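Participant: Dropping the structure in here first, questions after.
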Amino acid sequence: MKKPTRREFLTTAVASGATVANVTMLTRASGNPSSRDSDEVQARYELLDKALSQPVLKKHLFSSPIIIQSLELLEFNGSYLCRVRSEDGTEGLSVAHSTMATLFPIFQRCLRSFFIGQDARELDLILEKVYTYQFNFRYNGLALGLPLATIEFAILDMLGKMADKPMAELIGEIHNPEIGLYMATELRELPLEEHFARLKAEVATVDVQALKLRVGYAHAGTKDIHYPGIPGKSEKLVPMVREHYGDDFTLYADANGYYDVEGAVKMGRLLEEYNYGYFEEPVLYWHFEETKKVADALTIPIAHGEQDQSFYNFRWLLANDGIDIVEPDTYYSGGFIRSMRIALMGHAVGKPCVTHMSGGGLGFLYNALFVSALPNSFIHHEFKGFDTHVRYECPTSPLTIVNGKMKVPTGPGLGVVIDPEFVAKHKAM
């Protein structure tokens, strides 16, 4: 039997729902580039640069300047909200990621002052220039991305209320009023049988037909620098999960950068054997050449991007065909606009976007809104549950999962009403 190419494998994986079929797919570069291959890489760079140069925010929706008068970080018992107010008194709110408990000094000392007095219609440019303000790029990564996203979400909520449009419609068209979801499971530190039992229990709580399991070992809670994980566990878990759920259930796998190239290729071939849909972050995310080596050796699509916030890094990987799926996290990447730039780079060269979802707070809601505007959405996107400490009402969607899909809210801004009493408990820092 002829082994499928990565292109054929990816086409099969997205055939039932992704929209990338209408995007021109460039041929892959080979391991030993010829002049033709070099021309194709250069053609990709040109497409990627064109995608990056396009504005994202629909500035034309706003006819006059919208000056940011105040920007506050509010806190109550470890819960953080961001409140922005324009000179005309319109407010926007966002719910911060739980890691704000560690990163609030960056919000307060490095970002807040830059936004006050700016015209919110220039959000594309603001999000670019804030990186050079006071050398903020030195904090690049999640340290800058999480507080920056918290600010951007609040501004987009404010602008959405002004335009009477959902946040997603400020950064694109609504391509996906419903989104497909997979259940994301953790549990890699558990013994095999306990992991398998817990995985089945978690998936049974939601109406999905897809899940992602963790392979390898990257448990962040141990201080034992010699602990190898549980040898051989993942090699047993991969077939167990497939055999339990059958061929009609969609499975994905995430290594969180655990493997070296040799180990990743070995695991990837096992995932191919059991028809998994993609292999996420097989090696450390900043190891670009190694990521490409793994991709070149396998047919299973390689997903990348949860922890990578650099447009330059994505540009190299996409131009050199080192990944098949882009996977931004709207919190980690610094908000909707920066995440959309990553998605549009993928779209420019025929790659779909799968979003990573930050858990807690209203991560599931921000994720759903962003996915609704994706022109190159994959079949399924990450879901970790509806659990939240935030009290809110959603008038336009039940926010439930039926047959693996959830209706995206259509109300203005964030699309939900956060309980004023809940907000009032939070005090400015």
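Residue numbering restarts at 1 for every chain of the structure tokens, chains are lettered A, B, ... in their displayed order, and ligands are numbered from 1 as they appear.
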Considering only C-alpha atoms, return as a PyMOL selection string whatever protein or nucleic-acid residues lie within 12 Å of Tyr285 of chain A, sequence-local ones (same chain, fewer than 2 positions apart) excluded.

Facilitator: chain A and resi 255-260+280-283+287-292+302-310+313-314+317+322-323+327

Participant: As a ChimeraX atom specification, which residues of segment 204-398 of chain A does DSSP assign to strand (DSSP E)?

Facilitator: /A:210-214,250-254,279-280,302-304,325-326,381-383,392-393

Participant: May I have the residues within 6 Å of Gly92 of chain A as a PDB file with N, CA and C atoms, in the first residue's frame, using only C-alpha atoms and disregarding those fewer than 5 positions away in the same chain?

Facilitator:
ATOM      1  N   ARG A  83     -10.569  46.797  32.830  1.00  0.00           N
ATOM      2  CA  ARG A  83     -11.627  47.717  32.425  1.00  0.00           C
ATOM      3  C   ARG A  83     -11.001  48.894  31.685  1.00  0.00           C
ATOM      4  N   VAL A  84     -11.503  49.149  30.477  1.00  0.00           N
ATOM      5  CA  VAL A  84     -11.033  50.264  29.677  1.00  0.00           C
ATOM      6  C   VAL A  84     -12.203  51.220  29.463  1.00  0.00           C
ATOM      7  N   ALA A 154     -10.328  43.792  26.275  1.00  0.00           N
ATOM      8  CA  ALA A 154     -11.184  44.844  26.835  1.00  0.00           C
ATOM      9  C   ALA A 154     -11.446  45.939  25.805  1.00  0.00           C
ATOM     10  N   ILE A 155     -10.423  46.306  25.032  1.00  0.00           N
ATOM     11  CA  ILE A 155     -10.598  47.329  23.996  1.00  0.00           C
ATOM     12  C   ILE A 155     -11.556  46.828  22.913  1.00  0.00           C
ATOM     13  N   ASP A 157     -13.893  44.632  23.295  1.00  0.00           N
ATOM     14  CA  ASP A 157     -15.233  44.624  23.891  1.00  0.00           C
ATOM     15  C   ASP A 157     -15.842  46.017  23.817  1.00  0.00           C
ATOM     16  N   MET A 158     -15.052  47.033  24.146  1.00  0.00           N
ATOM     17  CA  MET A 158     -15.513  48.426  24.070  1.00  0.00           C
ATOM     18  C   MET A 158     -15.882  48.801  22.628  1.00  0.00           C
TER      19      MET A 158
END

Participant: Nearest residue to Ile337 of chain A out of A:Leu81, A:Leu213, A:Leu414, A:Ala373, using only C-alpha atoms?

Facilitator: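 Ranked by minimum distance to Ile337 of chain A, first place goes to A:Ala373.
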
Participant: Take atom CA of Leu103 of chain A and atom CA of Tyr80 of chain A and report the distance between them in Å, one decimal.

Facilitator: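 Interatomic distance here is 11.0 Å.
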
Participant: Could you pull out the alpha helix (DSSP H) residues of segment 80-241 of chain A, going by DSSP on the backbone, and write them as a PyMOL selection string?

Facilitator: chain A and resi 100-106+112-115+123-129+142-163+167-171+192-203+233-241

Participant: Compile the contact shell of Val294 of chain A as number ranges by chain: residues with an atom at most 7 Å away, counting only C-alpha atoms, same-chain residues fewer than 4 positions apart removed.

Facilitator: A: 261, 264-265, 290, 298

Participant: May I have the selected residues written with N, CA and C atoms, as an mmCIF file, in the first residue's frame?

Facilitator:
data_model
loop_
_atom_site.group_PDB
_atom_site.id
_atom_site.type_symbol
_atom_site.label_atom_id
_atom_site.label_comp_id
_atom_site.auth_asym_id
_atom_site.auth_seq_id
_atom_site.Cartn_x
_atom_site.Cartn_y
_atom_site.Cartn_z
ATOM 1 N N VAL A 261 14.279 14.484 17.938
ATOM 2 C CA VAL A 261 13.811 14.142 16.595
ATOM 3 C C VAL A 261 13.551 12.641 16.466
ATOM 4 N N ALA A 264 10.465 11.648 18.396
ATOM 5 C CA ALA A 264 9.251 12.202 17.796
ATOM 6 C C ALA A 264 8.855 11.441 16.538
ATOM 7 N N VAL A 265 9.835 11.078 15.729
ATOM 8 C CA VAL A 265 9.540 10.323 14.513
ATOM 9 C C VAL A 265 8.976 8.942 14.879
ATOM 10 N N GLU A 290 14.646 21.128 13.881
ATOM 11 C CA GLU A 290 14.222 19.809 14.336
ATOM 12 C C GLU A 290 12.738 19.571 14.032
ATOM 13 N N LEU A 298 7.550 12.363 8.430
ATOM 14 C CA LEU A 298 6.244 11.783 8.732
ATOM 15 C C LEU A 298 5.191 12.194 7.710
#

Participant: What does the structure give for the distance between atom CA of Asp387 of chain A and atom CA of Val203 of chain A, in Å to one decimal?

Facilitator: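 Going from atom CA of Asp387 of chain A over to atom CA of Val203 of chain A covers 14.9 Å.
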
Participant: Restricting the calculation to only C-alpha atoms, which member of A:Arg138, A:His195, A:Lys212, A:Arg338 is positioned closest to Tyr252 of chain A?

Facilitator: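 Ranked by minimum distance to Tyr252 of chain A, first place goes to A:Lys212.
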
Participant: At a cut-off of 7 Å, using only C-alpha atoms, what residues contact Glu382 of chain A? Leave out same-chain residues fewer than 6 positions from it and give the result as a list in words.

Facilitator: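 Within the cut-off, the hits are Leu181, Tyr182, Met183, Ala184, Thr355, His356 and Met357 of chain A.
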
Participant: Could those residues be written to a file, using C-alpha atoms, as a PDB file, in the first residue's frame?

Facilitator:
ATOM      1  CA  LEU A 181     -14.652  21.093  19.390  1.00  0.00           C
ATOM      2  CA  TYR A 182     -12.427  18.329  20.675  1.00  0.00           C
ATOM      3  CA  MET A 183     -11.988  17.471  24.353  1.00  0.00           C
ATOM      4  CA  ALA A 184      -8.467  18.227  25.545  1.00  0.00           C
ATOM      5  CA  THR A 355      -6.694  27.229  18.124  1.00  0.00           C
ATOM      6  CA  HIS A 356      -5.207  26.379  21.487  1.00  0.00           C
ATOM      7  CA  MET A 357      -7.490  27.221  24.385  1.00  0.00           C
TER       8      MET A 357
END

Participant: Within 7 Å of Leu74 of chain A, counting only C-alpha atoms, which residues show up once you throw out same-chain ones fewer than 4 positions away? Write them as a ChimeraX atom specification, please.

Facilitator: /A:80-82,426-429

Participant: Which of these, A:Glu75, A:Asp419, A:Glu152, A:Glu169, has the shortest distance to Ser333 of chain A once you count only C-alpha atoms?

Facilitator: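 Of all the options, A:Glu152 lies closest to Ser333 of chain A.
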
Participant: Work out how far atom CA of Arg109 of chain A is from atom CA of Glu91 of chain A, in Å to one decimal.

Facilitator: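 Separation of atom CA of Glu91 of chain A and atom CA of Arg109 of chain A: 21.9 Å.
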
Participant: Ranking A:Gly346, A:Gly359, A:Gly160, A:Gly232 by minimum distance to Glu186 of chain A and counting only C-alpha atoms, which one comes first?

Facilitator: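 Residue with the minimum atom-to-atom distance to Glu186 of chain A: A:Gly359.
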
Participant: Given the choices A:Arg198, A:Arg391, A:Arg341, A:Lys407, which gets closest to Ser53 of chain A if the distance is worked out from only C-alpha atoms?

Facilitator: A:Arg341

Participant: Which of these, A:Ile151, A:Ile66, A:Ala253, A:Leu237, has the shortest distance to Leu190 of chain A once you count only C-alpha atoms?

Facilitator: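 So, comparing all the options, the nearest one is A:Leu237.
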